[in-house]
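Peer 1: The structure is given below, and queries will be raised subsequently.
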Amino acid sequence: MDYGKLAYMKAEELEARLTTPSPSTAVSAGFTPDASAKGLALTSVRLSGSAVVLCKVVFFCEADTTASVALKFDGKTAADAEIALTAGEPKTELLMGCVQYTGEAELTLDCSDGRILVKRVEIGLLGASAAVTRETSDFRFARGDAFAAAALASSQTITAYPIDRAIGAGKAVCRGLGFDLCATADGYALLYTDAVGNLWLRQLNTALDTVACSRIGDAIDSPTVCFTDGRLTAAGVVGGKAYVFGAAAGATRFLLDFPDAVDSVYFVKNAPRPILAVTSGGKVFLKSVADRALGTFAVAVRPTLFAVSDWEDEYSCN
C-alpha cells in the first residue's frame, strides 16, 4: 500500500472540509423605468462565482404585437422569451438565468420591438457575495427666481417635473445617462451624456419644453452645470481627472488642479460664483473660482530712441 499517497489524499480531503465556501446571499431591487424595452440598462450587479438571476418585467404596448426579449448579463444573453401583447394591456414576464462571473457587470434588457415599454422591473439575485451595486436612476433639483423643477433619470429616460407647492405632471425630455439640471434666466439648462459617447446641452423653458439642443463635445463622467453672471459653466470627470469648461460647442476644457483621483463633481447651485464640490476617496472638497475677474488686457507699446553725439549731446525721439 502506498501510505504516502494515502496520507496526501487524507490531507487533501481534510483541507476541502475546512475550506469555507463564499456565503450565498439573496438581494433584490425594483424600479419603474417606464421606458422602451429596446436596449434598456437596468442595473449594475456584483458577483463572486455562480448565481441565479431573476427578472420580473411588466411590459406594455399601445398595439397588438409579438416580440422576443432577452435579459443580458455583461453583454451576454442570460435568459430570453417570446411575448405576445394585447394593445393597452400590461403583461408580466419572468426571465430566469444562471451566470458565472466574478466582479461587477451590467444587467440590461433588449427587445425586438422598440414600441414595447417596460413599466416595472424587479431584479432578484442569488449567489456568492451577490449585490446590486447601482440602480440606473438619478435625481436633480433646480430653482429659479419664480420657478422650480426636478429631473429624474431612470433607465436612461430623463423626465422633468415642475414644482409649485407640489410636484406636477412629468415630461419625458430625452434619453440620457449621467446628467445635471440648473435654472437659467428664462428656464433651465440640461447637460447630459447619451449612450454612444456624446455630451449634449438642452435648453428648456419654464414649461419644460425644449427650445434648443446642441452637441457640445464628447461624453464625460459626472456632468454638471451651473448658471452665474449670465453664463453656463460645465464640469465633468475624464479618467479620474476633473475638467471645467464653458457649456458651448468647441469650448476648451481646463484641468482642475487637484492632486488625487476624482470620483465625481457637482456644482453648488445658486451660488454667487461657481463653486464645485469634488468627491475623492470618500471625502468631499470644495473648489471655487478666484475672486478677481479674468478678463482681457490691452497692451500699448511706445518706442523711444535715445542717442549720444560725439560732443556728448543727448537726443531722444518718441
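Order determines the names: the first chain of the C-alpha cells is A, the second B, and so forth; residues in each chain are numbered 1 upward, and ligands are numbered 1 upward as they are shown.
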Could you give me the residues within stretch 25-119 of chain A that DSSP places in strand (DSSP E or B), as a VMD selection string?

Peer 2: chain A and resid 25 to 31 35 to 36 40 to 60 65 to 73 76 to 85 91 to 111 117 to 119

Peer 1: Please produce a file of those selected residues containing C-alpha atoms, as a CSV table (one decimal), in the first residue's frame.

Peer 2:
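Once everything was written out, this is out-v3.csv:
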```csv
chain,number,residue,atom,x,y,z
A,25,THR,CA,-26.7,35.9,-0.5
A,26,ALA,CA,-30.0,36.9,-1.9
A,27,VAL,CA,-30.6,40.5,-3.0
A,28,SER,CA,-33.3,42.3,-4.9
A,29,ALA,CA,-34.2,45.7,-6.4
A,30,GLY,CA,-37.3,47.1,-8.0
A,31,PHE,CA,-38.0,50.3,-10.0
A,35,ALA,CA,-39.0,53.4,-21.0
A,36,SER,CA,-38.5,51.4,-24.2
A,40,LEU,CA,-32.7,49.2,-21.7
A,41,ALA,CA,-30.0,49.4,-19.0
A,42,LEU,CA,-31.4,48.0,-15.7
A,43,THR,CA,-28.7,48.0,-13.0
A,44,SER,CA,-25.2,47.0,-12.0
A,45,VAL,CA,-24.6,43.8,-10.0
A,46,ARG,CA,-21.6,42.3,-8.3
A,47,LEU,CA,-20.9,38.5,-8.0
A,48,SER,CA,-18.1,36.2,-6.9
A,49,GLY,CA,-18.8,32.9,-8.7
A,50,SER,CA,-22.1,31.4,-9.9
A,51,ALA,CA,-25.5,33.0,-9.4
A,52,VAL,CA,-29.2,32.7,-10.4
A,53,VAL,CA,-30.7,35.9,-11.9
A,54,LEU,CA,-34.4,36.5,-11.8
A,55,CYS,CA,-36.0,39.4,-13.6
A,56,LYS,CA,-39.8,40.0,-13.4
A,57,VAL,CA,-40.8,42.6,-16.0
A,58,VAL,CA,-44.2,44.3,-16.7
A,59,PHE,CA,-44.4,45.0,-20.5
A,60,PHE,CA,-46.9,47.4,-22.2
A,65,THR,CA,-47.6,42.8,-31.1
A,66,THR,CA,-45.4,39.8,-30.6
A,67,ALA,CA,-41.7,40.2,-29.8
A,68,SER,CA,-38.6,38.5,-28.5
A,69,VAL,CA,-37.0,39.8,-25.3
A,70,ALA,CA,-33.6,39.0,-23.8
A,71,LEU,CA,-32.0,39.5,-20.4
A,72,LYS,CA,-28.3,40.2,-20.8
A,73,PHE,CA,-25.6,39.9,-18.2
A,76,LYS,CA,-24.3,38.0,-23.0
A,77,THR,CA,-27.8,36.6,-23.0
A,78,ALA,CA,-28.7,35.0,-19.7
A,79,ALA,CA,-32.4,34.4,-20.4
A,80,ASP,CA,-34.8,35.1,-23.3
A,81,ALA,CA,-38.5,34.6,-24.1
A,82,GLU,CA,-41.2,35.3,-26.7
A,83,ILE,CA,-44.0,37.6,-25.6
A,84,ALA,CA,-47.4,38.4,-27.1
A,85,LEU,CA,-49.0,41.7,-26.0
A,91,LYS,CA,-48.2,41.7,-19.4
A,92,THR,CA,-45.9,40.3,-16.8
A,93,GLU,CA,-43.0,38.0,-17.8
A,94,LEU,CA,-40.4,36.2,-15.6
A,95,LEU,CA,-36.9,35.8,-17.0
A,96,MET,CA,-34.5,33.5,-15.2
A,97,GLY,CA,-30.9,32.5,-16.0
A,98,CYS,CA,-27.7,31.2,-14.4
A,99,VAL,CA,-24.4,33.0,-14.7
A,100,GLN,CA,-20.8,32.5,-13.7
A,101,TYR,CA,-19.0,35.8,-13.0
A,102,THR,CA,-16.6,37.5,-10.6
A,103,GLY,CA,-16.7,41.3,-10.4
A,104,GLU,CA,-19.2,44.0,-11.4
A,105,ALA,CA,-21.3,43.7,-14.5
A,106,GLU,CA,-24.2,45.5,-16.2
A,107,LEU,CA,-27.7,43.9,-16.4
A,108,THR,CA,-29.6,45.0,-19.5
A,109,LEU,CA,-32.8,44.2,-21.3
A,110,ASP,CA,-33.3,44.0,-25.1
A,111,CYS,CA,-36.4,43.7,-27.2
A,117,LEU,CA,-42.4,49.8,-22.9
A,118,VAL,CA,-41.2,48.5,-19.6
A,119,LYS,CA,-43.5,49.7,-16.8
```

Peer 1: Using only C-alpha atoms, find each residue of stretch 64-183 of chain A with at least one atom at most 10 Å away from an atom of stretch 202-213 of chain A; report its shortest atom-to-atom pair and that distance in Å (one decimal), sort the rows by chain and rising residue number, and return the result as JSON lines.

Peer 2:
```
{"residue": "A:Gly144", "atom": "CA", "partner": "A:Thr206", "partner_atom": "CA", "distance": 9.3}
{"residue": "A:Ala146", "atom": "CA", "partner": "A:Thr206", "partner_atom": "CA", "distance": 9.5}
{"residue": "A:Phe147", "atom": "CA", "partner": "A:Thr206", "partner_atom": "CA", "distance": 7.1}
{"residue": "A:Ala148", "atom": "CA", "partner": "A:Thr206", "partner_atom": "CA", "distance": 8.3}
{"residue": "A:Ala149", "atom": "CA", "partner": "A:Leu208", "partner_atom": "CA", "distance": 8.4}
{"residue": "A:Thr159", "atom": "CA", "partner": "A:Leu208", "partner_atom": "CA", "distance": 9.7}
{"residue": "A:Ala160", "atom": "CA", "partner": "A:Leu208", "partner_atom": "CA", "distance": 6.9}
{"residue": "A:Tyr161", "atom": "CA", "partner": "A:Leu208", "partner_atom": "CA", "distance": 7.9}
{"residue": "A:Pro162", "atom": "CA", "partner": "A:Leu208", "partner_atom": "CA", "distance": 7.5}
{"residue": "A:Gly170", "atom": "CA", "partner": "A:Leu208", "partner_atom": "CA", "distance": 9.1}
{"residue": "A:Lys171", "atom": "CA", "partner": "A:Leu208", "partner_atom": "CA", "distance": 7.4}
{"residue": "A:Ala172", "atom": "CA", "partner": "A:Leu208", "partner_atom": "CA", "distance": 9.6}
{"residue": "A:Val173", "atom": "CA", "partner": "A:Thr210", "partner_atom": "CA", "distance": 7.6}
{"residue": "A:Cys174", "atom": "CA", "partner": "A:Arg202", "partner_atom": "CA", "distance": 9.3}
{"residue": "A:Leu181", "atom": "CA", "partner": "A:Arg202", "partner_atom": "CA", "distance": 9.6}
{"residue": "A:Ala183", "atom": "CA", "partner": "A:Thr206", "partner_atom": "CA", "distance": 9.2}
```

Peer 1: Restrict the selected residues to N, CA, C and O atoms and save them as a tab-separated table (two decimals), in the first residue's frame.

Peer 2:
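Written file, part27.tsv:
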```
chain	number	residue	atom	x	y	z
A	144	GLY	N	-35.24	78.59	-9.92
A	144	GLY	CA	-35.03	79.93	-10.44
A	144	GLY	C	-35.66	80.96	-9.50
A	144	GLY	O	-36.05	80.64	-8.38
A	146	ALA	N	-38.57	82.53	-9.82
A	146	ALA	CA	-40.01	82.34	-9.62
A	146	ALA	C	-40.49	80.98	-10.12
A	146	ALA	O	-41.67	80.79	-10.33
A	147	PHE	N	-39.57	80.04	-10.29
A	147	PHE	CA	-39.96	78.72	-10.80
A	147	PHE	C	-38.95	77.69	-10.31
A	147	PHE	O	-37.82	78.02	-9.94
A	148	ALA	N	-39.38	76.45	-10.31
A	148	ALA	CA	-38.50	75.36	-9.86
A	148	ALA	C	-38.91	74.09	-10.57
A	148	ALA	O	-40.06	73.92	-11.00
A	149	ALA	N	-37.95	73.17	-10.70
A	149	ALA	CA	-38.21	71.89	-11.36
A	149	ALA	C	-37.27	70.84	-10.82
A	149	ALA	O	-36.20	71.14	-10.29
A	159	THR	N	-36.75	62.54	-17.13
A	159	THR	CA	-38.08	63.13	-17.02
A	159	THR	C	-38.00	64.34	-16.11
A	159	THR	O	-37.39	64.28	-15.04
A	160	ALA	N	-38.61	65.45	-16.53
A	160	ALA	CA	-38.60	66.70	-15.76
A	160	ALA	C	-40.00	66.94	-15.17
A	160	ALA	O	-41.02	66.68	-15.82
A	161	TYR	N	-40.02	67.48	-13.93
A	161	TYR	CA	-41.27	67.72	-13.22
A	161	TYR	C	-41.31	69.16	-12.73
A	161	TYR	O	-40.39	69.61	-12.05
A	162	PRO	N	-42.37	69.93	-13.06
A	162	PRO	CA	-42.50	71.28	-12.49
A	162	PRO	C	-42.87	71.19	-11.02
A	162	PRO	O	-43.58	70.26	-10.61
A	170	GLY	N	-45.03	64.92	-14.98
A	170	GLY	CA	-43.71	64.86	-15.59
A	170	GLY	C	-43.75	64.84	-17.10
A	170	GLY	O	-44.73	64.39	-17.71
A	171	LYS	N	-42.66	65.33	-17.71
A	171	LYS	CA	-42.49	65.29	-19.16
A	171	LYS	C	-41.20	64.55	-19.47
A	171	LYS	O	-40.14	64.91	-18.95
A	172	ALA	N	-41.29	63.52	-20.30
A	172	ALA	CA	-40.09	62.82	-20.74
A	172	ALA	C	-39.32	63.73	-21.69
A	172	ALA	O	-39.81	64.05	-22.78
A	173	VAL	N	-38.15	64.16	-21.29
A	173	VAL	CA	-37.39	65.16	-22.04
A	173	VAL	C	-36.51	64.51	-23.10
A	173	VAL	O	-36.49	64.93	-24.26
A	174	CYS	N	-35.75	63.48	-22.71
A	174	CYS	CA	-34.80	62.87	-23.64
A	174	CYS	C	-34.30	61.56	-23.06
A	174	CYS	O	-34.63	61.20	-21.93
A	181	LEU	N	-29.05	69.43	-14.00
A	181	LEU	CA	-30.06	70.44	-14.34
A	181	LEU	C	-29.79	71.68	-13.51
A	181	LEU	O	-29.52	71.59	-12.32
A	183	ALA	N	-31.12	76.10	-13.16
A	183	ALA	CA	-32.03	77.15	-13.61
A	183	ALA	C	-31.24	78.25	-14.31
A	183	ALA	O	-30.11	78.57	-13.92
```

Peer 1: Using only C-alpha atoms, which residues sit within 12 Å of A:Gly246 once same-chain residues fewer than 2 positions away are excluded, as a list in words?

Peer 2: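 Listed by chain and then number, they are Leu191, Leu201, Ile216, Gly217, Thr224, Val225, Cys226, Phe227, Thr228, Gly230, Arg231, Leu232, Thr233, Ala234, Ala235, Gly236, Tyr243, Val244, Ala248, Ala249, Gly250, Ala251, Thr252, Arg253, Phe254 and Pro274 of chain A.
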
Peer 1: Print the selection's residues with C-alpha atoms to a file, as an mmCIF file, in the first residue's frame.

Peer 2:
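Output contents, as saved in again.cif:
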```
data_model
loop_
_atom_site.group_PDB
_atom_site.id
_atom_site.type_symbol
_atom_site.label_atom_id
_atom_site.label_comp_id
_atom_site.auth_asym_id
_atom_site.auth_seq_id
_atom_site.Cartn_x
_atom_site.Cartn_y
_atom_site.Cartn_z
ATOM 1 C CA LEU A 191 -26.448 68.843 -19.530
ATOM 2 C CA LEU A 201 -26.797 70.773 -23.786
ATOM 3 C CA ILE A 216 -21.118 70.322 -27.235
ATOM 4 C CA GLY A 217 -18.472 67.591 -27.096
ATOM 5 C CA THR A 224 -22.618 69.104 -14.002
ATOM 6 C CA VAL A 225 -23.646 72.642 -14.996
ATOM 7 C CA CYS A 226 -24.298 75.984 -13.303
ATOM 8 C CA PHE A 227 -25.535 79.438 -14.374
ATOM 9 C CA THR A 228 -23.740 82.513 -12.983
ATOM 10 C CA GLY A 230 -25.373 85.181 -17.400
ATOM 11 C CA ARG A 231 -23.115 82.285 -18.440
ATOM 12 C CA LEU A 232 -23.327 78.497 -18.279
ATOM 13 C CA THR A 233 -20.286 76.707 -16.884
ATOM 14 C CA ALA A 234 -19.889 72.932 -17.103
ATOM 15 C CA ALA A 235 -17.610 70.386 -15.461
ATOM 16 C CA GLY A 236 -17.048 66.645 -15.511
ATOM 17 C CA TYR A 243 -12.265 69.442 -16.110
ATOM 18 C CA VAL A 244 -14.111 72.781 -16.169
ATOM 19 C CA ALA A 248 -20.798 75.507 -25.508
ATOM 20 C CA ALA A 249 -19.583 73.637 -28.567
ATOM 21 C CA GLY A 250 -15.812 73.716 -29.032
ATOM 22 C CA ALA A 251 -15.074 75.141 -25.569
ATOM 23 C CA THR A 252 -11.600 74.464 -24.175
ATOM 24 C CA ARG A 253 -11.597 72.099 -21.203
ATOM 25 C CA PHE A 254 -9.377 73.270 -18.351
ATOM 26 C CA PRO A 274 -19.053 78.830 -9.471
#
```

Peer 1: Under the rule that only C-alpha atoms are counted, which of A:Cys182, A:Ala189, A:Ile163, A:Leu126 is the nearest residue to A:Phe267?

Peer 2: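 The answer is A:Cys182, which sits nearest to A:Phe267.
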